[in-house]
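Undergrad: This is the structure, below, for whatever I ask next.
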Protein chains: 2
Amino acid sequence: MRALASDAGRAHVIGVTGSPGVGKSTTTNALVTRYRERGARVGVLAVDPSSPFSGGALLGDRIRMSEHAADPEVFIRSMASRGHLGGLSWAAPQALRVLDAAGCDVVLLETVGVGQSEVEVAATADTTLVLVAPGMGDGIQAAKAGILEVADVLVVNKGDREGADRAVRDLRHAVDLGDRSEPGSWRAPVVRAVATTGDGVDDVVAAIEEHRAWLGSDGLTARRVRRASHEIEGLALATLRARVGGLSGETRLDVLAGEVVAGRSDPYAAADALVRSLT
Amino acid sequence: MRALASDAGRAHVIGVTGSPGVGKSTTTNALVTRYRERGARVGVLAVDPSSPFSGGALLGDRIRMSEHAADPEVFIRSMASRGHLGGLSWAAPQALRVLDAAGCDVVLLETVGVGQSEVEVAATADTTLVLVAPGMGDGIQAAKAGILEVADVLVVNKGDREGADRAVRDLRHAVDLGDRSEPGSWRAPVVRAVATTGDGVDDVVAAIEEHRAWLGSDGLTARRVRRASHEIEGLALATLRARVGGLSGETRLDVLAGEVVAGRSDPYAAADALVRSLT
């Protein structure tokens, strides 16, 4: 990993996020097709338990395999969103670095747009796509979940369905509401697409390219510093968390917790004791 | 908060989790009704951006208010799943303690069953309900998301819909697969309910009571030690994270990250430096 660090930093990392059912995997798949047509080497990192990219066979469920799985210029890596020591903040950037160092020009980072850690990970991309689907108040749900704030490009997927016009209008309105009109600031475009047929996917790619151009090399560096900060902090906290597991005696976490449950201590005093024993 | 600690520890904490759209809020609402009928004081903590319990008015969306909002024996507290320093692991147990110390007999902890932090929080309840809805492979999705493992009671909500029989059967099968048949171990029952009409909600309450009886006082203490551990660790990590923000000079996080992005350092060395400066 240390050795890989110097080979990384070339890929454009594109986050793809949104609620379950909005078509993240289909969109990711359509984007892979477009980037492959341009001859790009493409990485896919799926941090989404419901993604066919990350799903294994379970309960007899036959997961639809990506049409790109056999393409030697497409690298697919999936990870569950649980079970990583220190969480996604640490594990996802590491997996990204592998795909980057493998020479991918583009890495698509698919995460489910629900959940604190998952949204944070999507927000560390160079360009973050937030997908919504028409109907069911998805735009409103997205706004409530706070995922609009992280959007560089908004995609109304399933754009041939009833209510797509309204979803586009609502989202543009939401973007206007959030717009602070600073000169030179980026205003997230709202693009309509039908990922299953490929309609509008070129517009999505165009919006991504436009955002990348707007970022420029300074903007890109700022995004990467933010991503690296996220990773470094995650690694450091994972190290400290591992130390918690190695404590013995009175500062063992379960001993501290037992004292709290018994009413002989409170969580703040226990946390102070824990911090002191770690530092 | 310190003072509250000694007044807490009486409430039975019931986690309610599941994918968006399975009817968590409706089920929570139905459970509040049942517990109020028994004269219990009830707390609701909604950690779910899509919950009407937690939603404010946004984009003209009129959030359906809980029928229990005006009941003086029902305490409702909502929190967004983002924006808490140190995350949910720290903030949710704190909010739970307030509801507990306010004399609630039962606290319903509603979290969306997607996302690492959210599932972890649901898993710290005394009894965790995992909801699925028929169709759309929800049982399979739940299994993939790893939320079956945290279930003490499985509820097939919308149990009057087509596919409910199959969902019940699939989930029982999934429970059997995961069953290690240790003597005296708890086997999560699968209960069918229609939260909107109240059908089957008594069975859900019965299953919760049964689980509570099985836990006994030792089991309950063990759950509370686990919850307190989660909180203490979260508080300690929040303290350390706050210290990261206060660092200056070479160990400032953005300076370390800048060196990584420039290729002069790697994330591991940077994380080591960060840990050293914190400890």
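Here's how to read the names in the structure tokens: chain A, B, ... by the order shown, residue numbers from 1 in each chain, ligand numbers from 1 in the order shown.
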If we count only C-alpha atoms, what is near Glu162 (chain B) at a cut-off of 8 Å, once residues fewer than 2 positions away on the same chain are taken out, given as a PDB file with all heavy atoms, in the first residue's frame?

TA:
ATOM      1  N   PRO B 134     -42.834  -7.725   1.713  1.00  0.00           N
ATOM      2  CA  PRO B 134     -42.867  -8.774   0.685  1.00  0.00           C
ATOM      3  C   PRO B 134     -42.430  -8.223  -0.668  1.00  0.00           C
ATOM      4  O   PRO B 134     -42.600  -7.039  -0.946  1.00  0.00           O
ATOM      5  CB  PRO B 134     -44.353  -9.180   0.625  1.00  0.00           C
ATOM      6  CG  PRO B 134     -44.981  -8.607   1.836  1.00  0.00           C
ATOM      7  CD  PRO B 134     -44.183  -7.407   2.200  1.00  0.00           C
ATOM      8  N   GLY B 135     -41.919  -9.114  -1.485  1.00  0.00           N
ATOM      9  CA  GLY B 135     -41.559  -8.734  -2.845  1.00  0.00           C
ATOM     10  C   GLY B 135     -40.236  -8.017  -2.915  1.00  0.00           C
ATOM     11  O   GLY B 135     -39.627  -7.698  -1.899  1.00  0.00           O
ATOM     12  N   ASP B 160     -50.255  -8.316   4.187  1.00  0.00           N
ATOM     13  CA  ASP B 160     -51.439  -8.638   3.383  1.00  0.00           C
ATOM     14  C   ASP B 160     -51.125  -8.575   1.889  1.00  0.00           C
ATOM     15  O   ASP B 160     -51.969  -8.835   1.058  1.00  0.00           O
ATOM     16  CB  ASP B 160     -52.599  -7.677   3.723  1.00  0.00           C
ATOM     17  CG  ASP B 160     -52.187  -6.206   3.632  1.00  0.00           C
ATOM     18  OD1 ASP B 160     -50.966  -5.919   3.501  1.00  0.00           O
ATOM     19  OD2 ASP B 160     -53.077  -5.337   3.699  1.00  0.00           O
ATOM     20  N   ALA B 164     -46.212 -12.305   0.703  1.00  0.00           N
ATOM     21  CA  ALA B 164     -45.922 -12.286   2.135  1.00  0.00           C
ATOM     22  C   ALA B 164     -45.598 -13.700   2.642  1.00  0.00           C
ATOM     23  O   ALA B 164     -44.661 -13.886   3.428  1.00  0.00           O
ATOM     24  CB  ALA B 164     -47.101 -11.690   2.912  1.00  0.00           C
ATOM     25  N   ASP B 165     -46.363 -14.688   2.164  1.00  0.00           N
ATOM     26  CA  ASP B 165     -46.097 -16.078   2.566  1.00  0.00           C
ATOM     27  C   ASP B 165     -44.665 -16.465   2.227  1.00  0.00           C
ATOM     28  O   ASP B 165     -43.952 -17.055   3.019  1.00  0.00           O
ATOM     29  CB  ASP B 165     -47.025 -17.039   1.804  1.00  0.00           C
ATOM     30  CG  ASP B 165     -48.445 -16.994   2.347  1.00  0.00           C
ATOM     31  OD1 ASP B 165     -48.593 -16.713   3.560  1.00  0.00           O
ATOM     32  OD2 ASP B 165     -49.384 -17.227   1.560  1.00  0.00           O
TER      33      ASP B 165
END

Undergrad: Fewer than 2 positions away in the same chain doesn't count, so skip those; otherwise give me all residues within 12 Å of Gly43 (chain A), counting only C-alpha atoms, as a compact mmCIF listing (two decimals) with N, CA, C and O atoms, in the first residue's frame.

TA:
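Wrote it out as result-v9.txt, contents follow:
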# COMPACT_ATOMS: atom_id res chain seq x y z
N ALA A 11 -6.34 8.69 -11.63
CA ALA A 11 -7.74 8.41 -11.96
C ALA A 11 -8.66 9.55 -11.56
O ALA A 11 -8.44 10.22 -10.55
N HIS A 12 -9.70 9.74 -12.37
CA HIS A 12 -10.77 10.65 -11.96
C HIS A 12 -11.80 9.81 -11.21
O HIS A 12 -12.34 8.85 -11.77
N VAL A 13 -12.03 10.15 -9.96
CA VAL A 13 -12.93 9.35 -9.13
C VAL A 13 -14.33 9.96 -9.17
O VAL A 13 -14.53 11.12 -8.83
N ILE A 14 -15.28 9.15 -9.65
CA ILE A 14 -16.66 9.61 -9.80
C ILE A 14 -17.55 8.86 -8.81
O ILE A 14 -17.69 7.64 -8.89
N GLY A 15 -18.11 9.56 -7.86
CA GLY A 15 -19.03 8.96 -6.90
C GLY A 15 -20.41 8.83 -7.51
O GLY A 15 -20.88 9.72 -8.20
N THR A 28 -24.12 2.98 -13.22
CA THR A 28 -22.69 2.69 -13.20
C THR A 28 -22.32 1.86 -14.43
O THR A 28 -21.34 2.15 -15.12
N ASN A 29 -23.13 0.85 -14.68
CA ASN A 29 -22.91 -0.01 -15.83
C ASN A 29 -22.92 0.78 -17.14
O ASN A 29 -22.04 0.62 -17.99
N LEU A 31 -22.30 3.95 -17.50
CA LEU A 31 -21.12 4.83 -17.54
C LEU A 31 -19.87 4.03 -17.93
O LEU A 31 -19.02 4.52 -18.68
N VAL A 32 -19.77 2.81 -17.42
CA VAL A 32 -18.63 1.96 -17.79
C VAL A 32 -18.61 1.78 -19.30
O VAL A 32 -17.57 1.94 -19.96
N THR A 33 -19.79 1.49 -19.88
CA THR A 33 -19.90 1.31 -21.33
C THR A 33 -19.38 2.54 -22.07
O THR A 33 -18.56 2.43 -22.99
N TYR A 35 -17.38 4.99 -21.02
CA TYR A 35 -15.94 5.23 -20.85
C TYR A 35 -15.10 4.19 -21.58
O TYR A 35 -14.02 4.50 -22.08
N ARG A 36 -15.61 2.96 -21.67
CA ARG A 36 -14.89 1.93 -22.43
C ARG A 36 -14.88 2.27 -23.91
O ARG A 36 -13.88 2.04 -24.60
N ALA A 40 -11.04 4.24 -22.31
CA ALA A 40 -10.52 4.43 -20.95
C ALA A 40 -10.47 3.10 -20.21
O ALA A 40 -11.28 2.20 -20.45
N ARG A 41 -9.50 2.98 -19.33
CA ARG A 41 -9.47 1.85 -18.41
C ARG A 41 -10.33 2.27 -17.21
O ARG A 41 -10.15 3.37 -16.69
N LEU A 45 -15.74 0.56 -7.89
CA LEU A 45 -15.70 0.17 -6.48
C LEU A 45 -17.13 0.30 -5.95
O LEU A 45 -17.66 1.41 -5.85
N ALA A 46 -17.74 -0.84 -5.64
CA ALA A 46 -19.14 -0.82 -5.19
C ALA A 46 -19.20 -1.03 -3.69
O ALA A 46 -18.81 -2.07 -3.17
N PHE A 53 -22.89 -5.52 -8.41
CA PHE A 53 -21.43 -5.54 -8.50
C PHE A 53 -20.82 -6.15 -7.24
O PHE A 53 -19.79 -6.78 -7.28
N HIS A 68 -19.62 -6.23 -17.97
CA HIS A 68 -18.22 -5.84 -18.12
C HIS A 68 -17.26 -6.72 -17.33
O HIS A 68 -16.06 -6.48 -17.34
N ALA A 69 -17.80 -7.73 -16.65
CA ALA A 69 -16.97 -8.52 -15.74
C ALA A 69 -15.81 -9.22 -16.47
O ALA A 69 -14.76 -9.45 -15.88
N ASP A 71 -14.26 -8.05 -19.20
CA ASP A 71 -13.42 -7.09 -19.93
C ASP A 71 -12.12 -6.85 -19.14
O ASP A 71 -12.16 -6.39 -18.00
N PRO A 72 -10.95 -7.17 -19.74
CA PRO A 72 -9.69 -7.04 -18.99
C PRO A 72 -9.34 -5.59 -18.66
O PRO A 72 -8.47 -5.34 -17.84
N GLU A 73 -10.01 -4.63 -19.30
CA GLU A 73 -9.74 -3.22 -19.00
C GLU A 73 -10.73 -2.64 -18.00
O GLU A 73 -10.81 -1.43 -17.83
N VAL A 74 -11.54 -3.53 -17.40
CA VAL A 74 -12.47 -3.09 -16.35
C VAL A 74 -12.15 -3.84 -15.06
O VAL A 74 -12.09 -5.07 -15.05
N PHE A 75 -11.88 -3.09 -14.02
CA PHE A 75 -11.53 -3.69 -12.72
C PHE A 75 -12.69 -3.45 -11.77
O PHE A 75 -13.09 -2.30 -11.56
N ILE A 76 -13.22 -4.53 -11.23
CA ILE A 76 -14.36 -4.39 -10.33
C ILE A 76 -13.99 -4.87 -8.93
O ILE A 76 -13.44 -5.96 -8.76
N ARG A 77 -14.21 -4.02 -7.96
CA ARG A 77 -13.92 -4.40 -6.58
C ARG A 77 -15.15 -4.04 -5.76
O ARG A 77 -15.70 -2.95 -5.89
N SER A 78 -15.60 -4.96 -4.96
CA SER A 78 -16.77 -4.66 -4.15
C SER A 78 -16.42 -4.80 -2.68
O SER A 78 -15.49 -5.51 -2.31
N ALA A 95 -9.04 0.89 -1.20
CA ALA A 95 -9.46 0.14 -2.39
C ALA A 95 -9.39 1.04 -3.63
O ALA A 95 -8.98 0.60 -4.71
N LEU A 96 -9.75 2.32 -3.47
CA LEU A 96 -9.64 3.28 -4.57
C LEU A 96 -8.21 3.38 -5.06
O LEU A 96 -7.95 3.46 -6.26
N ARG A 97 -7.28 3.42 -4.10
CA ARG A 97 -5.87 3.58 -4.47
C ARG A 97 -5.38 2.41 -5.32
O ARG A 97 -4.60 2.60 -6.25
N VAL A 98 -5.85 1.20 -4.99
CA VAL A 98 -5.45 0.03 -5.77
C VAL A 98 -5.92 0.17 -7.21
O VAL A 98 -5.16 -0.06 -8.16
N LEU A 99 -7.17 0.59 -7.38
CA LEU A 99 -7.73 0.75 -8.73
C LEU A 99 -7.01 1.87 -9.48
O LEU A 99 -6.73 1.75 -10.68
N ASP A 100 -6.68 2.92 -8.76
CA ASP A 100 -5.98 4.06 -9.33
C ASP A 100 -4.57 3.64 -9.78
O ASP A 100 -4.17 3.86 -10.94
N ALA A 101 -3.88 2.95 -8.88
CA ALA A 101 -2.51 2.53 -9.19
C ALA A 101 -2.48 1.48 -10.29
O ALA A 101 -1.47 1.31 -10.97
N ALA A 102 -3.60 0.76 -10.48
CA ALA A 102 -3.67 -0.24 -11.56
C ALA A 102 -3.83 0.45 -12.92
O ALA A 102 -3.95 -0.22 -13.95
N GLY A 103 -3.84 1.76 -12.93
CA GLY A 103 -3.87 2.49 -14.19
C GLY A 103 -5.25 2.86 -14.69
O GLY A 103 -5.42 3.19 -15.87
N CYS A 104 -6.24 2.81 -13.82
CA CYS A 104 -7.58 3.21 -14.25
C CYS A 104 -7.61 4.71 -14.52
O CYS A 104 -7.07 5.49 -13.75
N ASP A 105 -8.25 5.07 -15.63
CA ASP A 105 -8.40 6.49 -15.94
C ASP A 105 -9.58 7.07 -15.17
O ASP A 105 -9.58 8.24 -14.81
N VAL A 106 -10.56 6.22 -14.97
CA VAL A 106 -11.78 6.61 -14.29
C VAL A 106 -12.09 5.54 -13.25
O VAL A 106 -11.95 4.36 -13.54
N VAL A 107 -12.46 5.95 -12.05
CA VAL A 107 -12.96 4.98 -11.07
C VAL A 107 -14.35 5.42 -10.64
O VAL A 107 -14.55 6.55 -10.20
N LEU A 108 -15.31 4.52 -10.82
CA LEU A 108 -16.68 4.78 -10.39
C LEU A 108 -16.86 4.21 -8.99
O LEU A 108 -16.62 3.02 -8.76
N LEU A 109 -17.22 5.07 -8.07
CA LEU A 109 -17.36 4.69 -6.67
C LEU A 109 -18.85 4.69 -6.34
O LEU A 109 -19.46 5.74 -6.18
N GLU A 110 -19.43 3.50 -6.29
CA GLU A 110 -20.88 3.39 -6.08
C GLU A 110 -21.18 3.13 -4.61
O GLU A 110 -20.74 2.14 -4.05

Undergrad: Determine which residues of region 131-277 of chain A DSSP labels as strand (DSSP E or B) from the backbone of this structure, then write them out as a PyMOL selection string.

TA: chain A and resi 131-132+153-156+190-192+194+199

Undergrad: Which of these, A:Leu240, A:Ala188, A:Thr127, A:Pro93, has the shortest distance to Ala228 (chain A) once you count only C-alpha atoms?

TA: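 Checking each candidate against Ala228 (chain A), we get A:Pro93 as the closest.
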
Undergrad: Which residue out of B:Gly9, B:Gly39, B:Gly23, B:Pro189 has the minimum interatomic distance to Gly263 (chain A) when only C-alpha atoms are used?

TA: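 Of B:Gly9, B:Gly39, B:Gly23, B:Pro189, the one nearest Gly263 (chain A) is B:Gly9, counting only C-alpha atoms.
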
Undergrad: Hey, which of B:Thr26, B:Thr196, B:Gln94, B:Thr17 ends up closest to chain A? Count only C-alpha atoms.

TA: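 Residue with the minimum atom-to-atom distance to chain A: B:Gln94.
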
Undergrad: Can you tell me, as number ranges by chain, what residues are no more than 10 Å from Arg241 (chain A) when counting only C-alpha atoms, ignoring any on the same chain fewer than 5 positions away?

TA: A: 85-86, 235-236, 246, 278; B: 233-234, 236-237

Undergrad: Output N, CA and C atoms for every residue in that selection, as a CSV table (one decimal), in the first residue's frame.

TA:
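What landed in selection01.csv:
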chain,number,residue,atom,x,y,z
A,85,LEU,N,-12.6,-2.7,10.1
A,85,LEU,CA,-12.1,-2.0,11.2
A,85,LEU,C,-11.9,-0.5,10.9
A,86,GLY,N,-12.5,0.3,11.7
A,86,GLY,CA,-12.3,1.7,11.4
A,86,GLY,C,-13.3,2.2,10.4
A,235,LEU,N,-7.5,6.0,9.3
A,235,LEU,CA,-6.4,5.1,9.6
A,235,LEU,C,-6.0,5.3,11.1
A,236,ALA,N,-5.9,6.6,11.4
A,236,ALA,CA,-5.4,6.9,12.8
A,236,ALA,C,-6.5,6.5,13.8
A,246,GLY,N,-6.9,-3.8,22.9
A,246,GLY,CA,-5.7,-4.4,23.6
A,246,GLY,C,-5.5,-3.9,25.0
A,278,LEU,N,-5.2,5.7,26.4
A,278,LEU,CA,-4.7,5.6,25.0
A,278,LEU,C,-3.6,6.6,24.7
B,233,GLU,N,-16.7,4.3,23.7
B,233,GLU,CA,-15.7,4.3,22.6
B,233,GLU,C,-16.0,5.5,21.6
B,234,GLY,N,-17.3,5.7,21.3
B,234,GLY,CA,-17.7,6.8,20.5
B,234,GLY,C,-17.3,8.2,21.1
B,236,ALA,N,-14.9,8.7,23.3
B,236,ALA,CA,-13.5,8.8,23.3
B,236,ALA,C,-12.9,9.2,21.9
B,237,LEU,N,-13.5,8.5,20.9
B,237,LEU,CA,-13.0,8.8,19.5
B,237,LEU,C,-13.4,10.2,19.1

Undergrad: Find the spatial neighbours of Val201 (chain A), counting only C-alpha atoms, within a cut-off of 8 Å - ignore same-chain residues fewer than 4 positions away - and output them as a PDB file with C-alpha atoms, in the first residue's frame.

TA:
ATOM      1  CA  ALA A  30     -23.986   2.505 -18.508  1.00  0.00           C
ATOM      2  CA  LEU A  31     -21.121   4.827 -17.543  1.00  0.00           C
ATOM      3  CA  ARG A  34     -19.425   4.964 -22.323  1.00  0.00           C
ATOM      4  CA  ALA A 193     -31.334   9.850 -18.108  1.00  0.00           C
ATOM      5  CA  VAL A 194     -32.644   6.357 -18.683  1.00  0.00           C
ATOM      6  CA  ALA A 195     -29.722   4.172 -17.707  1.00  0.00           C
ATOM      7  CA  VAL A 205     -20.763  12.119 -19.025  1.00  0.00           C
TER       8      VAL A 205
END

Undergrad: I need the residue nearest Glu149 (chain B) from this list: B:Leu215, B:Val16, B:Val175, B:Val168. Use only C-alpha atoms for the distance.

TA: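 Of the candidates, the smallest distance to Glu149 (chain B) is held by B:Val175.
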
Undergrad: Let me make sure I understand: among A:Arg243, A:Glu259, A:Thr111, A:Trp214, which one has the smallest atom-to-atom distance to Thr279 (chain B) if we use only C-alpha atoms?

TA: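 Once distances to Thr279 (chain B) are computed over only C-alpha atoms, the minimum belongs to A:Arg243.
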
Undergrad: Looking only at helix (DSSP H, G or I) from DSSP on the backbone, list the matching residues of region 77-259 of chain B as a ChimeraX atom specification.

TA: /B:88-101,116-122,138-144,164-178,201-245,249-251,253-259

Undergrad: Could you check the closest approach to chain A for each of B:Val155, B:Ala174, B:Ala213, B:Val191 and tell me which residue wins, using only C-alpha atoms?

TA: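 Checking each of B:Val155, B:Ala174, B:Ala213, B:Val191 against chain A, counting only C-alpha atoms, the winner is B:Ala174.
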
Undergrad: What gap, in Å, lies between CA of Thr197 (chain B) and CA of Pro20 (chain A)?

TA: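 Calculated distance between CA of Thr197 (chain B) and CA of Pro20 (chain A) is 26.2 Å.
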